[in-house]
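See structure below.
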Amino acid sequence: MTDTARVEDLSNRIGTATAEIAKVIVGQTDVVEQLLIALFARGHCLLVGVPGLAKTLLIRTVADSMDLSFSRVQFTPDLMPGDITGTEVIEENRTTGEKAFRFIKGPIFANIVLADEINRTPPKTQAALLEAMQEHSVTASGTTYRLEEPFFVLATQNPIEQEGTYPLPEAQLDRFMFNLRLDYPSHDEEVTVVKTTTSSTAASISKVMNAADILSFQELVRRIPVADNVIEHAVSLVRSTRPVTSTVKVVKDFVSYGAGPRASQYLVLGAKSRAALQGRFTPSIDDVNAVALSVLRHRLVTNFSAEAEGVSVDTIIRELLKS
């Protein structure tokens, strides 16, 4: 099958997967689309939203439709790195009486890992998760264990309750491809949610693809060609977020630090993935702009003036896209 035909196949399957997810998840179409874009671009996501917006259900449903293994870790202040990566236990051989260490794998050994309330746990434990995200492996007592592929981490943060939390440092936030905001459902959507979740019937999800298909489609996304002007646009957009190189007034006034080169890479990868998911063999500038908010919102550090005047990061990015 040619790459063009495979892009069409991917687009058709994503249409089916989206319909399957919609059986369980009401609304949130943008978030579902961006999650799938990140999955096929081999990126990880940070989900920010108040409790009760079905973040866990959404991720479990995506895992079901893709036939992937799923694990959820509730991050708490007393969670240790070994609780995520796994621990070594001493085991006795009953026949010989010899004792030896055996590694018991932690919840990180799954295709989709939900790190619930990642800012609730101390930096040491956050670092263990982020290292696994970067290296796709875990090291214990000098032995390296590869994680299952595809490997996709979704971390959630509660934006309200900030007491007793450990905010992720900028360098660690940079490891996440997208920062997705979940909003409250509309009135009609909320009515549908209440109807479907308070009855005894549960929707069954059909599996649209498996791990091998996803790995193959991830390779396909990497092979998609990108025009030079699209790459130029992505790099110019990221450079315009840096007060040192930017000519845009809103950046000069309200931004302390802009996005690094990883943002340019993720803009292009996100654009490629979005084009493929929609059945197009090359991305356009519109694809870059469509993922810009998700890629940039956790990479800009605003200054005191922005806080004082109530100027949000999203407002700054939208102004940049206009200019």
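Note on naming: chains are A, B, ... as they come in the structure tokens, residues start from 1 per chain, ligands start from 1 in the order shown.
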Would you give me, as a Markdown table, each residue of segment 133-157 of chain A having an atom within 12 Å of an atom of segment 218-235 of chain A, along with its shortest atom pair and that distance in Å to one decimal, using only C-alpha atoms and sorting by chain and residue number?
```
| residue | atom | partner | partner_atom | distance |
| --- | --- | --- | --- | --- |
| A:Glu149 | CA | A:Gln218 | CA | 11.0 |
| A:Pro150 | CA | A:Gln218 | CA | 9.0 |
| A:Phe151 | CA | A:Gln218 | CA | 11.5 |
```
Store the residues of this selection in a file with N, CA and C atoms, as a JSON list (two decimals), in the first residue's frame.
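Printed below is selection.json as written:
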```json
[["chain", "number", "residue", "atom", "x", "y", "z"],
["A", 149, "GLU", "N", 5.53, -0.32, 23.63],
["A", 149, "GLU", "CA", 5.24, 0.69, 22.59],
["A", 149, "GLU", "C", 3.89, 0.36, 21.96],
["A", 150, "PRO", "N", 3.10, 1.35, 21.54],
["A", 150, "PRO", "CA", 3.31, 2.78, 21.75],
["A", 150, "PRO", "C", 3.16, 3.15, 23.23],
["A", 151, "PHE", "N", 3.87, 4.21, 23.62],
["A", 151, "PHE", "CA", 3.85, 4.65, 25.02],
["A", 151, "PHE", "C", 3.40, 6.11, 25.05]]
```
When DSSP is applied to the backbone of this structure, which of segment 32-138 of chain A are assigned strand (DSSP E or B)? Write them out as a tab-separated table (two decimals) with N, CA and C atoms, in the first residue's frame.
```tsv
chain	number	residue	atom	x	y	z
A	45	CYS	N	0.70	14.39	26.67
A	45	CYS	CA	-0.22	15.51	26.89
A	45	CYS	C	-0.40	15.83	28.37
A	46	LEU	N	-0.62	17.11	28.62
A	46	LEU	CA	-0.99	17.58	29.95
A	46	LEU	C	-2.44	18.05	29.83
A	47	LEU	N	-3.33	17.51	30.67
A	47	LEU	CA	-4.75	17.87	30.63
A	47	LEU	C	-5.07	18.72	31.85
A	48	VAL	N	-5.56	19.92	31.63
A	48	VAL	CA	-5.86	20.81	32.74
A	48	VAL	C	-7.37	21.08	32.76
A	70	PHE	N	-4.03	0.08	29.56
A	70	PHE	CA	-4.21	1.37	30.23
A	70	PHE	C	-3.94	1.22	31.72
A	71	SER	N	-3.21	2.17	32.30
A	71	SER	CA	-3.08	2.17	33.76
A	71	SER	C	-3.18	3.60	34.28
A	72	ARG	N	-3.71	3.70	35.49
A	72	ARG	CA	-3.92	5.02	36.10
A	72	ARG	C	-3.16	5.08	37.41
A	73	VAL	N	-2.40	6.15	37.61
A	73	VAL	CA	-1.66	6.35	38.86
A	73	VAL	C	-2.19	7.62	39.51
A	74	GLN	N	-2.71	7.48	40.73
A	74	GLN	CA	-3.17	8.66	41.48
A	74	GLN	C	-1.96	9.24	42.22
A	86	GLY	N	8.35	0.64	39.38
A	86	GLY	CA	8.44	-0.76	39.79
A	86	GLY	C	9.51	-0.93	40.86
A	87	THR	N	9.49	-2.05	41.55
A	87	THR	CA	10.45	-2.27	42.64
A	87	THR	C	11.05	-3.67	42.55
A	88	GLU	N	12.20	-3.83	43.22
A	88	GLU	CA	12.85	-5.14	43.27
A	88	GLU	C	12.50	-5.81	44.59
A	89	VAL	N	12.12	-7.07	44.52
A	89	VAL	CA	11.80	-7.81	45.74
A	89	VAL	C	12.71	-9.05	45.82
A	90	ILE	N	12.99	-9.47	47.05
A	90	ILE	CA	13.80	-10.69	47.22
A	90	ILE	C	12.87	-11.88	47.15
A	91	GLU	N	13.24	-12.85	46.32
A	91	GLU	CA	12.43	-14.05	46.15
A	91	GLU	C	13.29	-15.28	46.43
A	92	GLU	N	12.71	-16.26	47.12
A	92	GLU	CA	13.45	-17.48	47.43
A	92	GLU	C	13.03	-18.60	46.48
A	99	LYS	N	18.27	-17.23	47.26
A	99	LYS	CA	17.49	-15.99	47.22
A	99	LYS	C	18.03	-15.09	46.11
A	100	ALA	N	17.11	-14.46	45.39
A	100	ALA	CA	17.52	-13.57	44.30
A	100	ALA	C	16.53	-12.42	44.18
A	101	PHE	N	17.01	-11.31	43.60
A	101	PHE	CA	16.14	-10.15	43.39
A	101	PHE	C	15.31	-10.36	42.12
A	102	ARG	N	14.05	-9.96	42.19
A	102	ARG	CA	13.20	-10.00	40.99
A	102	ARG	C	12.52	-8.65	40.85
A	103	PHE	N	12.54	-8.11	39.62
A	103	PHE	CA	11.93	-6.79	39.38
A	103	PHE	C	10.44	-6.96	39.09
A	104	ILE	N	9.62	-6.27	39.88
A	104	ILE	CA	8.17	-6.28	39.64
A	104	ILE	C	7.80	-4.95	38.98
A	105	LYS	N	7.27	-5.05	37.77
A	105	LYS	CA	6.99	-3.84	36.98
A	105	LYS	C	5.88	-3.00	37.61
A	112	ILE	N	-0.94	3.28	27.56
A	112	ILE	CA	-1.44	4.61	27.94
A	112	ILE	C	-1.42	4.71	29.46
A	113	VAL	N	-0.68	5.69	29.96
A	113	VAL	CA	-0.56	5.88	31.40
A	113	VAL	C	-1.19	7.22	31.77
A	114	LEU	N	-2.15	7.18	32.69
A	114	LEU	CA	-2.77	8.40	33.18
A	114	LEU	C	-2.14	8.76	34.52
A	115	ALA	N	-1.43	9.88	34.54
A	115	ALA	CA	-0.82	10.37	35.79
A	115	ALA	C	-1.78	11.42	36.36
A	116	ASP	N	-2.62	10.98	37.29
A	116	ASP	CA	-3.68	11.85	37.80
A	116	ASP	C	-3.14	12.82	38.84
A	137	SER	N	12.09	4.04	28.79
A	137	SER	CA	12.67	2.90	29.50
A	137	SER	C	12.78	3.23	30.99
A	138	VAL	N	12.98	2.18	31.80
A	138	VAL	CA	13.13	2.31	33.25
A	138	VAL	C	14.39	1.55	33.64
```
Kindly indicate which residue among A:Thr144, A:Gln157, A:Gln265, A:Gln278 lies nearest to Thr18 of chain A, using only C-alpha atoms for the distances.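 With only C-alpha atoms as the atom set, the closest residue is A:Gln278.
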If you count only C-alpha atoms, which residues fall within 12 Å of Val244 of chain A, apart from same-chain ones fewer than 2 positions away, as a list in words? Val238, Arg239, Ser240, Thr241, Arg242, Ser246, Thr247, Val248, Lys249, Val251, Lys252, Asp253, Val255, Ser256, Tyr257, Gly258 and Ala259 of chain A
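Across the structure, atom CA of Phe178 of chain A and atom CA of His44 of chain A are spaced 6.8 Å apart.
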Pick out the residues sitting within 9 Å of Val32 of chain A, and hand them over as a list in words; count only C-alpha atoms, and ignore anything fewer than 5 positions along from it in its own chain. Thr18, Ile21, Ile37, Leu58 and Val62 of chain A
